Amino acid sequence: MAPTASIRMRKVLAAADGAAPPEFPDGVCAVPFVPALHARPAHALLAAAHPDRGESFDEWWTGLSRDAEFDADTFFIAIDAHGGVAGAAICWNVPFVKDIVVAPAWRRRGLGAALMRHAFAWFARRGHQHVDLKVDSGNVDARGLYHRLGMRELPA
Ligand SMILES: CC(C)(COP(=O)(O)OP(=O)(O)OC[C@H]1O[C@@H](n2cnc3c(N)ncnc32)[C@H](O)[C@@H]1OP(=O)(O)O)[C@@H](O)C(=O)NCCC(=O)NCCS
């Protein structure tokens, strides 16, 4: 297997990125993050997508929520018709996407793109010039999505 590296990617924001809220796929909608309702299901999605991380809910939530750059307002989530967390784009209070995950049943329907556009809009409306993230070079699905959203890879 080819060795993987972490690649930093950047979306340069334009006024249009903050102009209109993104459309979400039918059956899901964006809602404010409520830790008591959404933190555990979001962690379950992350743990399933990244079994190598091995963080318990308590370890993850304590580390995240106590971080100086944590802000519940930039923990963007989408829920399904039953209130289940279908996906999350977890950003710091600086324009950086820490994690994005979509439940397997909801993938390839545009939810990942909608969550990213939601984050772009939030930061664009607050005057930020760009949004960054890091992606593993071997994560073909995620890299394809980010390129399609106009993100560019930054030199190492
Ligand atoms: C990466 C991830 C968040 C993408 O979420 P997603 O909801 O599947 O993303 P989208 O549906 O917006 O886009 C994914 C692909 O589906 C395609 N797609 C979107 N709507 C579609 C539809 N209705 N029918 C068919 N394909 C569709 C998109 O064109 C895109 O294709 P591309 O990658 O060739 O551009 C998801 O795969 C995931 O959670 N992976 C595990 C966690 C992870 O790796 N996170 C990233 C860490 S950096």
# chains A, B, ... in the order shown; residues from 1 in each chain; ligands from 1
call {"tool": "residues_near_ligand", "arguments": {"ligand": "ligand 1", "cutoff": "8 Å", "atoms": "only C-alpha atoms and all ligand atoms", "output": "PyMOL selection string"}}
result
chain A and resi 45-46+49-50+87+99-104+106-114+133-136+139-148
call {"tool": "write_last_selection", "arguments": {"atoms": "N, CA, C and O atoms", "output": "CSV table (one decimal), in the first residue's frame"}}
result
chain,number,residue,atom,x,y,z
A,45,LEU,N,-20.5,8.3,14.3
A,45,LEU,CA,-20.2,8.3,12.9
A,45,LEU,C,-18.7,8.4,12.7
A,45,LEU,O,-18.1,7.7,11.8
A,46,LEU,N,-18.0,9.3,13.5
A,46,LEU,CA,-16.6,9.5,13.3
A,46,LEU,C,-15.9,8.2,13.7
A,46,LEU,O,-14.9,7.8,13.0
A,49,ALA,N,-16.1,5.7,10.9
A,49,ALA,CA,-15.3,6.1,9.7
A,49,ALA,C,-13.8,6.1,10.0
A,49,ALA,O,-13.0,5.9,9.0
A,50,HIS,N,-13.4,6.2,11.2
A,50,HIS,CA,-12.0,6.3,11.5
A,50,HIS,C,-11.7,5.3,12.7
A,50,HIS,O,-11.3,5.8,13.8
A,87,GLY,N,-25.0,13.6,9.2
A,87,GLY,CA,-23.7,14.1,8.9
A,87,GLY,C,-23.3,15.3,9.7
A,87,GLY,O,-24.2,16.0,10.3
A,99,ASP,N,-13.1,18.1,11.0
A,99,ASP,CA,-13.6,16.8,10.6
A,99,ASP,C,-14.9,16.9,9.8
A,99,ASP,O,-15.7,17.8,10.2
A,100,ILE,N,-15.1,16.1,8.8
A,100,ILE,CA,-16.4,16.0,8.2
A,100,ILE,C,-16.7,14.5,8.1
A,100,ILE,O,-15.8,13.7,7.7
A,101,VAL,N,-18.0,14.2,8.3
A,101,VAL,CA,-18.4,12.8,8.2
A,101,VAL,C,-19.9,12.7,7.8
A,101,VAL,O,-20.7,13.5,8.3
A,102,VAL,N,-20.2,11.8,6.9
A,102,VAL,CA,-21.6,11.5,6.5
A,102,VAL,C,-21.9,10.1,6.8
A,102,VAL,O,-21.0,9.2,6.5
A,103,ALA,N,-23.0,9.8,7.4
A,103,ALA,CA,-23.4,8.4,7.6
A,103,ALA,C,-23.4,7.6,6.3
A,103,ALA,O,-23.9,8.1,5.3
A,104,PRO,N,-22.9,6.4,6.4
A,104,PRO,CA,-22.8,5.6,5.1
A,104,PRO,C,-24.1,5.6,4.3
A,104,PRO,O,-24.1,5.7,3.1
A,106,TRP,N,-26.2,7.8,3.8
A,106,TRP,CA,-26.5,9.1,3.2
A,106,TRP,C,-25.4,9.6,2.2
A,106,TRP,O,-25.5,10.7,1.7
A,107,ARG,N,-24.4,8.8,2.1
A,107,ARG,CA,-23.3,9.2,1.2
A,107,ARG,C,-23.7,9.2,-0.3
A,107,ARG,O,-24.6,8.5,-0.7
A,108,ARG,N,-22.9,10.0,-1.1
A,108,ARG,CA,-23.1,10.2,-2.5
A,108,ARG,C,-24.5,10.7,-2.9
A,108,ARG,O,-25.1,10.3,-3.9
A,109,ARG,N,-25.0,11.5,-2.0
A,109,ARG,CA,-26.3,12.2,-2.3
A,109,ARG,C,-26.1,13.7,-2.2
A,109,ARG,O,-27.1,14.4,-2.2
A,110,GLY,N,-24.9,14.2,-2.0
A,110,GLY,CA,-24.7,15.6,-1.9
A,110,GLY,C,-24.7,16.2,-0.5
A,110,GLY,O,-24.6,17.4,-0.4
A,111,LEU,N,-24.8,15.3,0.5
A,111,LEU,CA,-24.8,15.9,1.9
A,111,LEU,C,-23.5,16.4,2.3
A,111,LEU,O,-23.4,17.5,2.9
A,112,GLY,N,-22.4,15.7,1.9
A,112,GLY,CA,-21.0,16.2,2.3
A,112,GLY,C,-20.8,17.6,1.6
A,112,GLY,O,-20.3,18.5,2.3
A,113,ALA,N,-21.2,17.7,0.4
A,113,ALA,CA,-21.1,19.0,-0.3
A,113,ALA,C,-21.9,20.1,0.4
A,113,ALA,O,-21.4,21.2,0.6
A,114,ALA,N,-23.1,19.8,0.8
A,114,ALA,CA,-24.0,20.7,1.4
A,114,ALA,C,-23.4,21.2,2.8
A,114,ALA,O,-23.4,22.4,3.1
A,133,LEU,N,-8.6,22.8,5.5
A,133,LEU,CA,-8.7,21.5,6.1
A,133,LEU,C,-7.5,20.7,5.8
A,133,LEU,O,-6.7,21.1,4.9
A,134,LYS,N,-7.4,19.6,6.4
A,134,LYS,CA,-6.3,18.6,6.1
A,134,LYS,C,-7.0,17.3,5.7
A,134,LYS,O,-8.0,16.9,6.3
A,135,VAL,N,-6.5,16.7,4.7
A,135,VAL,CA,-7.0,15.4,4.2
A,135,VAL,C,-5.9,14.4,4.0
A,135,VAL,O,-4.8,14.8,3.5
A,136,ASP,N,-6.2,13.2,4.3
A,136,ASP,CA,-5.2,12.1,4.0
A,136,ASP,C,-5.1,11.9,2.5
A,136,ASP,O,-6.1,11.9,1.8
A,139,ASN,N,-7.3,9.4,0.8
A,139,ASN,CA,-8.8,9.5,1.0
A,139,ASN,C,-9.4,10.1,-0.3
A,139,ASN,O,-9.7,11.2,-0.5
A,140,VAL,N,-9.5,9.2,-1.3
A,140,VAL,CA,-9.9,9.5,-2.6
A,140,VAL,C,-11.3,10.2,-2.6
A,140,VAL,O,-11.5,11.2,-3.3
A,141,ASP,N,-12.3,9.6,-1.9
A,141,ASP,CA,-13.6,10.2,-1.9
A,141,ASP,C,-13.6,11.6,-1.4
A,141,ASP,O,-14.2,12.5,-2.0
A,142,ALA,N,-12.9,11.9,-0.3
A,142,ALA,CA,-12.9,13.2,0.3
A,142,ALA,C,-12.2,14.2,-0.6
A,142,ALA,O,-12.6,15.3,-0.9
A,143,ARG,N,-11.0,13.8,-1.2
A,143,ARG,CA,-10.3,14.7,-2.0
A,143,ARG,C,-11.1,15.1,-3.3
A,143,ARG,O,-11.1,16.2,-3.7
A,144,GLY,N,-11.8,14.1,-3.8
A,144,GLY,CA,-12.7,14.4,-5.0
A,144,GLY,C,-13.7,15.4,-4.6
A,144,GLY,O,-14.0,16.4,-5.4
A,145,LEU,N,-14.3,15.2,-3.5
A,145,LEU,CA,-15.4,16.2,-3.0
A,145,LEU,C,-14.8,17.6,-2.9
A,145,LEU,O,-15.4,18.6,-3.4
A,146,TYR,N,-13.6,17.7,-2.2
A,146,TYR,CA,-13.1,19.0,-2.0
A,146,TYR,C,-12.7,19.7,-3.3
A,146,TYR,O,-12.9,20.9,-3.4
A,147,HIS,N,-12.1,18.9,-4.2
A,147,HIS,CA,-11.7,19.5,-5.5
A,147,HIS,C,-13.0,20.0,-6.2
A,147,HIS,O,-13.0,21.1,-6.8
A,148,ARG,N,-14.1,19.3,-6.1
A,148,ARG,CA,-15.3,19.7,-6.8
A,148,ARG,C,-15.9,20.9,-6.2
A,148,ARG,O,-16.5,21.7,-6.9
call {"tool": "residues_around", "arguments": {"residues": "Ala68 of chain A", "least_positions_apart": "6", "cutoff": "12 Å", "atoms": "only C-alpha atoms", "output": "CSV table (one decimal) with N, CA and C atoms, in the first residue's frame"}}
result
chain,number,residue,atom,x,y,z
A,62,THR,N,-14.3,15.5,25.6
A,62,THR,CA,-13.6,16.3,26.6
A,62,THR,C,-12.5,17.1,25.8
A,92,TRP,N,-13.5,24.5,13.7
A,92,TRP,CA,-13.0,25.3,14.8
A,92,TRP,C,-13.7,26.7,14.7
A,93,ASN,N,-13.4,27.5,15.7
A,93,ASN,CA,-14.0,28.9,15.6
A,93,ASN,C,-13.1,29.8,14.6
A,94,VAL,N,-12.0,29.2,14.2
A,94,VAL,CA,-11.3,29.8,13.1
A,94,VAL,C,-11.7,29.0,11.8
call {"tool": "residues_around", "arguments": {"residues": "Phe33 of chain A", "least_positions_apart": "3", "cutoff": "7 Å", "atoms": "only C-alpha atoms", "output": "ChimeraX atom specification"}}
result
/A:38,72-73,75-77
call {"tool": "atom_distance", "arguments": {"atom1": "atom CA of His82 of chain A", "atom2": "atom CA of Leu115 of chain A"}}
result
18.7 Å
call {"tool": "closest_residue", "arguments": {"among": "A:Ala121, A:Ala48, A:Ala89, A:Ala78", "to": "Ala20 of chain A", "atoms": "only C-alpha atoms"}}
result
A:Ala121
call {"tool": "atom_distance", "arguments": {"atom1": "atom CA of Thr4 of chain A", "atom2": "atom CA of Pro41 of chain A"}}
result
28.3 Å
call {"tool": "decode", "arguments": {"residues": "segment 46-93 of chain A", "atoms": "N, CA and C atoms", "output": "PDB file, in the first residue's frame"}}
result
ATOM      1  N   LEU A  46     -18.046   9.301  13.465  1.00  0.00           N
ATOM      2  CA  LEU A  46     -16.606   9.478  13.321  1.00  0.00           C
ATOM      3  C   LEU A  46     -15.850   8.205  13.684  1.00  0.00           C
ATOM      4  N   ALA A  47     -16.285   7.556  14.760  1.00  0.00           N
ATOM      5  CA  ALA A  47     -15.588   6.342  15.208  1.00  0.00           C
ATOM      6  C   ALA A  47     -15.707   5.235  14.165  1.00  0.00           C
ATOM      7  N   ALA A  48     -16.869   5.143  13.507  1.00  0.00           N
ATOM      8  CA  ALA A  48     -17.040   4.123  12.472  1.00  0.00           C
ATOM      9  C   ALA A  48     -16.197   4.448  11.241  1.00  0.00           C
ATOM     10  N   ALA A  49     -16.083   5.746  10.911  1.00  0.00           N
ATOM     11  CA  ALA A  49     -15.323   6.147   9.723  1.00  0.00           C
ATOM     12  C   ALA A  49     -13.813   6.078   9.962  1.00  0.00           C
ATOM     13  N   HIS A  50     -13.400   6.238  11.223  1.00  0.00           N
ATOM     14  CA  HIS A  50     -11.965   6.266  11.542  1.00  0.00           C
ATOM     15  C   HIS A  50     -11.669   5.318  12.709  1.00  0.00           C
ATOM     16  N   PRO A  51     -11.810   4.000  12.492  1.00  0.00           N
ATOM     17  CA  PRO A  51     -11.607   3.063  13.609  1.00  0.00           C
ATOM     18  C   PRO A  51     -10.186   3.110  14.165  1.00  0.00           C
ATOM     19  N   ASP A  52      -9.243   3.591  13.354  1.00  0.00           N
ATOM     20  CA  ASP A  52      -7.849   3.692  13.793  1.00  0.00           C
ATOM     21  C   ASP A  52      -7.668   4.704  14.927  1.00  0.00           C
ATOM     22  N   ARG A  53      -8.571   5.655  15.044  1.00  0.00           N
ATOM     23  CA  ARG A  53      -8.391   6.694  16.074  1.00  0.00           C
ATOM     24  C   ARG A  53      -8.597   6.129  17.480  1.00  0.00           C
ATOM     25  N   GLY A  54      -9.570   5.246  17.641  1.00  0.00           N
ATOM     26  CA  GLY A  54      -9.757   4.553  18.913  1.00  0.00           C
ATOM     27  C   GLY A  54     -10.094   5.435  20.097  1.00  0.00           C
ATOM     28  N   GLU A  55     -10.682   6.589  19.868  1.00  0.00           N
ATOM     29  CA  GLU A  55     -11.037   7.478  20.986  1.00  0.00           C
ATOM     30  C   GLU A  55     -12.431   7.148  21.490  1.00  0.00           C
ATOM     31  N   SER A  56     -12.572   7.003  22.817  1.00  0.00           N
ATOM     32  CA  SER A  56     -13.908   6.830  23.388  1.00  0.00           C
ATOM     33  C   SER A  56     -14.665   8.146  23.243  1.00  0.00           C
ATOM     34  N   PHE A  57     -15.982   8.073  23.441  1.00  0.00           N
ATOM     35  CA  PHE A  57     -16.761   9.315  23.382  1.00  0.00           C
ATOM     36  C   PHE A  57     -16.240  10.328  24.396  1.00  0.00           C
ATOM     37  N   ASP A  58     -16.005   9.876  25.625  1.00  0.00           N
ATOM     38  CA  ASP A  58     -15.577  10.822  26.661  1.00  0.00           C
ATOM     39  C   ASP A  58     -14.239  11.471  26.321  1.00  0.00           C
ATOM     40  N   GLU A  59     -13.296  10.683  25.810  1.00  0.00           N
ATOM     41  CA  GLU A  59     -11.986  11.249  25.436  1.00  0.00           C
ATOM     42  C   GLU A  59     -12.165  12.295  24.326  1.00  0.00           C
ATOM     43  N   TRP A  60     -12.951  11.924  23.321  1.00  0.00           N
ATOM     44  CA  TRP A  60     -13.154  12.822  22.178  1.00  0.00           C
ATOM     45  C   TRP A  60     -13.855  14.102  22.604  1.00  0.00           C
ATOM     46  N   TRP A  61     -14.952  13.939  23.343  1.00  0.00           N
ATOM     47  CA  TRP A  61     -15.768  15.109  23.674  1.00  0.00           C
ATOM     48  C   TRP A  61     -15.045  16.035  24.638  1.00  0.00           C
ATOM     49  N   THR A  62     -14.338  15.468  25.601  1.00  0.00           N
ATOM     50  CA  THR A  62     -13.599  16.295  26.555  1.00  0.00           C
ATOM     51  C   THR A  62     -12.528  17.096  25.826  1.00  0.00           C
ATOM     52  N   GLY A  63     -11.765  16.416  24.968  1.00  0.00           N
ATOM     53  CA  GLY A  63     -10.707  17.115  24.236  1.00  0.00           C
ATOM     54  C   GLY A  63     -11.257  18.189  23.323  1.00  0.00           C
ATOM     55  N   LEU A  64     -12.336  17.851  22.626  1.00  0.00           N
ATOM     56  CA  LEU A  64     -12.915  18.797  21.670  1.00  0.00           C
ATOM     57  C   LEU A  64     -13.545  19.995  22.374  1.00  0.00           C
ATOM     58  N   SER A  65     -14.432  19.711  23.312  1.00  0.00           N
ATOM     59  CA  SER A  65     -15.235  20.794  23.894  1.00  0.00           C
ATOM     60  C   SER A  65     -14.414  21.713  24.792  1.00  0.00           C
ATOM     61  N   ARG A  66     -13.263  21.242  25.270  1.00  0.00           N
ATOM     62  CA  ARG A  66     -12.415  22.106  26.111  1.00  0.00           C
ATOM     63  C   ARG A  66     -11.378  22.859  25.295  1.00  0.00           C
ATOM     64  N   ASP A  67     -11.306  22.577  24.004  1.00  0.00           N
ATOM     65  CA  ASP A  67     -10.318  23.263  23.170  1.00  0.00           C
ATOM     66  C   ASP A  67     -10.707  24.736  23.028  1.00  0.00           C
ATOM     67  N   ALA A  68      -9.714  25.601  23.077  1.00  0.00           N
ATOM     68  CA  ALA A  68      -9.983  27.043  22.986  1.00  0.00           C
ATOM     69  C   ALA A  68     -10.625  27.405  21.651  1.00  0.00           C
ATOM     70  N   GLU A  69     -10.435  26.572  20.635  1.00  0.00           N
ATOM     71  CA  GLU A  69     -10.997  26.881  19.311  1.00  0.00           C
ATOM     72  C   GLU A  69     -12.334  26.174  19.074  1.00  0.00           C
ATOM     73  N   PHE A  70     -12.874  25.518  20.093  1.00  0.00           N
ATOM     74  CA  PHE A  70     -14.175  24.873  19.935  1.00  0.00           C
ATOM     75  C   PHE A  70     -15.291  25.914  20.033  1.00  0.00           C
ATOM     76  N   ASP A  71     -16.299  25.728  19.190  1.00  0.00           N
ATOM     77  CA  ASP A  71     -17.486  26.581  19.241  1.00  0.00           C
ATOM     78  C   ASP A  71     -18.666  25.744  18.759  1.00  0.00           C
ATOM     79  N   ALA A  72     -19.674  25.612  19.607  1.00  0.00           N
ATOM     80  CA  ALA A  72     -20.847  24.824  19.205  1.00  0.00           C
ATOM     81  C   ALA A  72     -21.500  25.394  17.948  1.00  0.00           C
ATOM     82  N   ASP A  73     -21.327  26.701  17.711  1.00  0.00           N
ATOM     83  CA  ASP A  73     -21.933  27.326  16.522  1.00  0.00           C
ATOM     84  C   ASP A  73     -21.270  26.883  15.225  1.00  0.00           C
ATOM     85  N   THR A  74     -20.047  26.361  15.311  1.00  0.00           N
ATOM     86  CA  THR A  74     -19.363  25.905  14.092  1.00  0.00           C
ATOM     87  C   THR A  74     -19.255  24.373  14.063  1.00  0.00           C
ATOM     88  N   PHE A  75     -20.105  23.733  14.817  1.00  0.00           N
ATOM     89  CA  PHE A  75     -20.273  22.265  14.751  1.00  0.00           C
ATOM     90  C   PHE A  75     -21.543  22.075  13.920  1.00  0.00           C
ATOM     91  N   PHE A  76     -21.361  22.004  12.609  1.00  0.00           N
ATOM     92  CA  PHE A  76     -22.509  21.996  11.705  1.00  0.00           C
ATOM     93  C   PHE A  76     -23.019  20.564  11.546  1.00  0.00           C
ATOM     94  N   ILE A  77     -24.318  20.388  11.741  1.00  0.00           N
ATOM     95  CA  ILE A  77     -24.867  19.029  11.600  1.00  0.00           C
ATOM     96  C   ILE A  77     -26.115  19.055  10.729  1.00  0.00           C
ATOM     97  N   ALA A  78     -26.390  17.881  10.178  1.00  0.00           N
ATOM     98  CA  ALA A  78     -27.639  17.664   9.444  1.00  0.00           C
ATOM     99  C   ALA A  78     -28.310  16.443  10.051  1.00  0.00           C
ATOM    100  N   ILE A  79     -29.619  16.547  10.209  1.00  0.00           N
ATOM    101  CA  ILE A  79     -30.366  15.424  10.781  1.00  0.00           C
ATOM    102  C   ILE A  79     -31.365  14.885   9.757  1.00  0.00           C
ATOM    103  N   ASP A  80     -31.730  13.612   9.959  1.00  0.00           N
ATOM    104  CA  ASP A  80     -32.738  13.003   9.087  1.00  0.00           C
ATOM    105  C   ASP A  80     -34.130  13.218   9.686  1.00  0.00           C
ATOM    106  N   ALA A  81     -35.130  12.621   9.056  1.00  0.00           N
ATOM    107  CA  ALA A  81     -36.515  12.857   9.467  1.00  0.00           C
ATOM    108  C   ALA A  81     -36.810  12.343  10.872  1.00  0.00           C
ATOM    109  N   HIS A  82     -35.966  11.442  11.376  1.00  0.00           N
ATOM    110  CA  HIS A  82     -36.168  10.892  12.726  1.00  0.00           C
ATOM    111  C   HIS A  82     -35.297  11.586  13.768  1.00  0.00           C
ATOM    112  N   GLY A  83     -34.590  12.607  13.336  1.00  0.00           N
ATOM    113  CA  GLY A  83     -33.716  13.325  14.271  1.00  0.00           C
ATOM    114  C   GLY A  83     -32.333  12.716  14.391  1.00  0.00           C
ATOM    115  N   GLY A  84     -32.062  11.666  13.630  1.00  0.00           N
ATOM    116  CA  GLY A  84     -30.731  11.057  13.675  1.00  0.00           C
ATOM    117  C   GLY A  84     -29.710  11.924  12.953  1.00  0.00           C
ATOM    118  N   VAL A  85     -28.487  11.903  13.439  1.00  0.00           N
ATOM    119  CA  VAL A  85     -27.438  12.699  12.803  1.00  0.00           C
ATOM    120  C   VAL A  85     -27.002  11.999  11.513  1.00  0.00           C
ATOM    121  N   ALA A  86     -27.250  12.672  10.394  1.00  0.00           N
ATOM    122  CA  ALA A  86     -26.892  12.114   9.083  1.00  0.00           C
ATOM    123  C   ALA A  86     -25.497  12.535   8.665  1.00  0.00           C
ATOM    124  N   GLY A  87     -25.028  13.638   9.197  1.00  0.00           N
ATOM    125  CA  GLY A  87     -23.685  14.094   8.851  1.00  0.00           C
ATOM    126  C   GLY A  87     -23.294  15.288   9.686  1.00  0.00           C
ATOM    127  N   ALA A  88     -21.993  15.529   9.741  1.00  0.00           N
ATOM    128  CA  ALA A  88     -21.485  16.655  10.537  1.00  0.00           C
ATOM    129  C   ALA A  88     -20.226  17.207   9.898  1.00  0.00           C
ATOM    130  N   ALA A  89     -20.110  18.525   9.917  1.00  0.00           N
ATOM    131  CA  ALA A  89     -18.861  19.203   9.550  1.00  0.00           C
ATOM    132  C   ALA A  89     -18.448  19.975  10.795  1.00  0.00           C
ATOM    133  N   ILE A  90     -17.402  19.481  11.433  1.00  0.00           N
ATOM    134  CA  ILE A  90     -16.990  20.045  12.719  1.00  0.00           C
ATOM    135  C   ILE A  90     -15.842  21.013  12.451  1.00  0.00           C
ATOM    136  N   CYS A  91     -16.137  22.286  12.659  1.00  0.00           N
ATOM    137  CA  CYS A  91     -15.130  23.322  12.389  1.00  0.00           C
ATOM    138  C   CYS A  91     -14.688  23.950  13.704  1.00  0.00           C
ATOM    139  N   TRP A  92     -13.467  24.486  13.679  1.00  0.00           N
ATOM    140  CA  TRP A  92     -13.024  25.307  14.793  1.00  0.00           C
ATOM    141  C   TRP A  92     -13.653  26.698  14.665  1.00  0.00           C
ATOM    142  N   ASN A  93     -13.436  27.546  15.668  1.00  0.00           N
ATOM    143  CA  ASN A  93     -13.982  28.903  15.554  1.00  0.00           C
ATOM    144  C   ASN A  93     -13.119  29.776  14.644  1.00  0.00           C
TER     145      ASN A  93
END
